[in-house]
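To start, the structure itself, in structure tokens.
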There are 2 protein chains.
Amino acid sequence: MSNEKQAVKEITPQAEDFSKWYLDVIKKADLMSYSPVRGCIVFKPDGYEIWENCQRELDRRFKETGHRNAYFPLFIPESFFQKEKEHVEGFNPELPWVTEAGGEKLEERLAIRPTSETMIGHMYAEWINSYRDLPLLINQWANVVRWEKRTLPFLRTSEFLWQEGHTAHEDEADARRETLQMLDVYTDFVENVLAIPVIKGQKTPSEKFAGAVDTYSIEAMMKDGKAVQAGTSHYMGTNFAVAFDIKYLNRENKHEFAHTTSWGVSTRLIGALIMVHGDDRGLVMPPKVAPTQVIMIPIGPPKTREQVVGRIDELFAELKKAGVRVRVDDRDQSPGWKFNEHEMRGVPIRVELGPRDMEAGQVVLVSRVTGEKKTVAQADFVSEVQALLEQIHTDMYEKAKTFLHEHITPIDTLDEFRTLLENKGGFGLAGWCGSAACEEHVKEQTKGTSRNIPFEPAVRKETCFVCGEAAKHTVVWGRSY
Amino acid sequence: MSNEKQAVKEITPQAEDFSKWYLDVIKKADLMSYSPVRGCIVFKPDGYEIWENCQRELDRRFKETGHRNAYFPLFIPESFFQKEKEHVEGFNPELPWVTEAGGEKLEERLAIRPTSETMIGHMYAEWINSYRDLPLLINQWANVVRWEKRTLPFLRTSEFLWQEGHTAHEDEADARRETLQMLDVYTDFVENVLAIPVIKGQKTPSEKFAGAVDTYSIEAMMKDGKAVQAGTSHYMGTNFAVAFDIKYLNRENKHEFAHTTSWGVSTRLIGALIMVHGDDRGLVMPPKVAPTQVIMIPIGPPKTREQVVGRIDELFAELKKAGVRVRVDDRDQSPGWKFNEHEMRGVPIRVELGPRDMEAGQVVLVSRVTGEKKTVAQADFVSEVQALLEQIHTDMYEKAKTFLHEHITPIDTLDEFRTLLENKGGFGLAGWCGSAACEEHVKEQTKGTSRNIPFEPAVRKETCFVCGEAAKHTVVWGRSY
């Protein structure tokens, strides 16, 4: 893309209009383009590379926990959706339908998959016969489509990229163990790779996946106080096994239904990491998924330029060899212009090298997240960069964690919650009696919803903040993307 | 999958019915399942992992040649196909159409992408303004759909997985350089990773990609003598640039159309490597993409079992640490049963360890391709395995190359070609005058087609084998998948 086009322009301040800030930033940092198809975006190279880096980290974790990848068809026959009642009700309104193909009208309409429980359920019924076939631990990397009414780049697009794990087990205990294990895998990934602290917990019945017995989620808080569901893991019980006849001969030689799970994260994580870490100067990329981890910029007068760039190339080669994703910006623009440009793109470390640094055998590292400059010996360059990348990850995680904790407010009444949302924002922590009616009332009154029932709430509440009855659970409430 | 289900059964001999052999093998080796959607298969873990291994090798080569990945929408508006006349004629008959979505009839039908020149052309017109934006070098990993009438697992499926590179350049020379560079990348990959020798050349006009100026291909020969087009690279000229208005301001500040290319390989390569290397005992997997490179099998009486398995576990850990894809088969079945099973699955190396090997501090390696046994010291285990994997790759490549060369027959008349196809099989090398009529005649008479005009034909022919006029090119002819 031309440098001219990408010159840093004004970014709307977050405090002025957070949504506009978000749209400004993702366009200016060249992560995406709108496509001519409603609600579908193009993932440009820097946007897509964030996803590739996420994939590599996740895929390793899936394989380490015994899963293998497979690939199932994009098309799902209409009749498949009819087999699980809650599932069809949940997804039917969002399906695109192929009705013609190869010049002919199809006998049965084909949906574009919004998720693959039905297709995979059908195949598992064919593959699973005996307890020896279990557990069956499979993951799929795929595109899925949900024809959403309101879309927002990365966070909610008609077509998106994700992974969906689908497993089948002998009994409830093993399936539940898997469900929570994958929630832990997601937590580890989102916290330790994306530097996003999350709240782990269980979804209320009205918010669970269509067809699941129990849904668990990790919830993250954006800088505007709204929630993003960063990952979900579902225990399906035997719902899909009954619907698709996934039966196996157990150790006592009797037929039993398998217990299944599914779990997924998607490209919405890209939106989440932007909204959690970004600031008024632009993106702040978590080092472990940043497409460019280090940008090297020569400074000083033109006459020293050749010598400086020569040394930069040597240092570049050292970093590259060490596996760091590094680039050199030796374009003609001024250093100041470049500083702004790469700050806007969220590059974790800027390396400056000028003639005086050359003489002193040193180099300057600047952290995107704190802005701190550190002068280090060129001899220690690689190890200093690696240490600073780790430090930046920790700084970002701690900063986000402080923000999250400062924005979880214990509340006792619906009025308090409304006031919270209209002023400080963030999540409310409140008791809930367990009734869907009270949940619905919160939604109507505040546009906030239950995010999840956290495993470890900061405080426990004794009464429902809506009806005042005894609380069954302490729940995190908030508005969400 | 249960062991019982996967027990080695009869595989139809290749000489008896090659198609049946192929279908037997891919089912028994558990690479795929038929899906309930016409012409779509499920890539089971062992099948999908071949593709993952291909992806890793290809992706590295794409990035080393300066390309970056991106992702474009699955849906393509109908009007986009109308913009390039040859393109729409080529692909229209195979398109599936989404006509309804989110409960409403769409105003414009959306095709499921059969390839993405049109969508990417539209986006490139938006992204490219100046010569500084060029070359634009992008690749996409994606699923695509072509509603084929006759399908065959891996080789021709309605939905398949592939990569499609799309690049834009300042001028013809640079675009042509890219087109041939990517053909070389494919050649390197297919020969040095999949161990499949190929014939590099240019497609005749009637066989080129719909919308291309020139199409180049690498053609491989299956064991039944039929061809598989293993990869293609297209120089589009300014056809798509004109259709989608991809213009840039050149170095003289004038508007010019960009020159574009596209190039792709797909999961049909999985079918090709099976048909090139497999034998009557089953698959023979090229070591560099084999899901399992080494299978370790304990032998000897039950009383020594524990000790043997203990030592196998140690050797397993050494191999694993060295990055070898290794598994241990310590199930209850007999060694003989296991030997057959893993031969059928095409595992390149079988490792046998029994009590006598334990005493002698040795271990037995068996090559899947030659069947040769080699006894090596346990101390040299890792390096011996690595060397044998390399050797097996070379053995497979040389074997396939000999077969290919033995089955390319210079021919002078159509009768000779017909006789060739009906008896020995393979490719005919013959002169061609350059007329589409002669090509069409060959097809009608023999069901063979021009595969490509090889860059380096073994012999050059002076007259057209159809009409007897002076030959413009020496062409490879054959039947193909």
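Chain identifiers are assigned as A, B, and so on, following the order in which chains appear in the structure tokens; residues are numbered from 1 within each chain, and ligands are numbered from 1 in order of appearance.
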Chain B contacts to chain A at 8 Å (only C-alpha atoms) as number ranges by chain: B: 1-3, 35-37, 40-45, 47-49, 68-77, 92-103, 123, 127-130, 132-134, 136, 138, 147-148, 159
Who sits within 7 Å of A:Phe316, only C-alpha atoms, same chain under 4 positions skipped, as number ranges by chain: A: 312, 320, 326
Could the residues in this selection be written to a file with all heavy atoms, as a CSV table (one decimal), in the first residue's frame?
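File produced: part-v9.csv:
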chain,number,residue,atom,x,y,z
A,312,ILE,N,22.3,-0.9,11.2
A,312,ILE,CA,20.9,-1.4,11.4
A,312,ILE,C,20.7,-2.7,10.8
A,312,ILE,O,20.1,-3.6,11.3
A,312,ILE,CB,19.9,-0.3,11.0
A,312,ILE,CG1,19.7,0.7,12.1
A,312,ILE,CG2,18.5,-1.0,10.7
A,312,ILE,CD1,18.6,1.7,11.9
A,320,LYS,N,16.3,-11.1,13.6
A,320,LYS,CA,15.6,-12.0,12.7
A,320,LYS,C,16.0,-13.5,12.9
A,320,LYS,O,15.1,-14.3,13.0
A,320,LYS,CB,15.9,-11.6,11.2
A,320,LYS,CG,15.2,-12.4,10.2
A,320,LYS,CD,14.2,-11.5,9.5
A,320,LYS,CE,13.3,-12.3,8.6
A,320,LYS,NZ,12.0,-11.7,8.3
A,326,VAL,N,10.8,-8.6,12.9
A,326,VAL,CA,11.4,-7.3,12.9
A,326,VAL,C,11.4,-6.7,11.5
A,326,VAL,O,11.5,-7.5,10.5
A,326,VAL,CB,12.8,-7.3,13.5
A,326,VAL,CG1,13.7,-8.3,12.7
A,326,VAL,CG2,13.5,-6.0,13.5
Residues flagged strand (DSSP E or B) by DSSP in stretch 166-406 of chain A, as a VMD selection string: chain A and resid 166 to 169 199 to 202 214 to 221 227 to 237 247 to 249 255 to 257 259 to 266 279 282 294 to 298 326 to 328 349 to 353 362 to 367 373 to 377
Within 12 Å of A:Asn192 using only C-alpha atoms, minus same-chain residues under 4 positions, as JSON, numbers by chain: {"A": [54, 57, 58, 184, 185, 186, 187, 188, 196, 197, 198, 286, 287, 288, 289, 390, 392, 393, 394, 395, 396, 397, 398]}
Expected answer as a PyMOL selection string: helix (DSSP H, G or I) residues in stretch 170-253 of chain A: chain A and resi 172-192+205-207+239-244
For A:Gly323: contacts at 12 Å, only C-alpha atoms, fewer than 2 positions along chain excluded, given as a count of residues only: 16
Computed interatomic separation between atom CA of B:Leu429 and atom CA of B:Arg460 (Å): 8.5 Å
Spatial neighbours of stretch 219-226 of chain B, 10 Å, only C-alpha atoms, chain gap at least 5 places, as a PyMOL selection string: chain B and resi 14-15+17-19+187+190-191+196-201+231-232+269+271-279+400-401+403-405+407-408+421+424-427+448+451-452+454+476-481
All residues 7 Å or closer to stretch 240-246 of chain A, only C-alpha atoms, same chain fewer than 5 positions away omitted, as an MDAnalysis selection string: chainID A and resid 83:84 121:122 124:125 128 257:259
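Counting from atom CA of A:Thr179, the distance to atom CA of A:Gly165 is 10.1 Å.
Here atom CA of B:Asp171 stands at a distance of 9.2 Å from atom CA of B:Glu256.
Considering the residues B:Gly264, B:Gly211, B:Gly282, B:Gly428 and counting only C-alpha atoms, B:Phe339 has its shortest atom-to-atom contact with B:Gly282.
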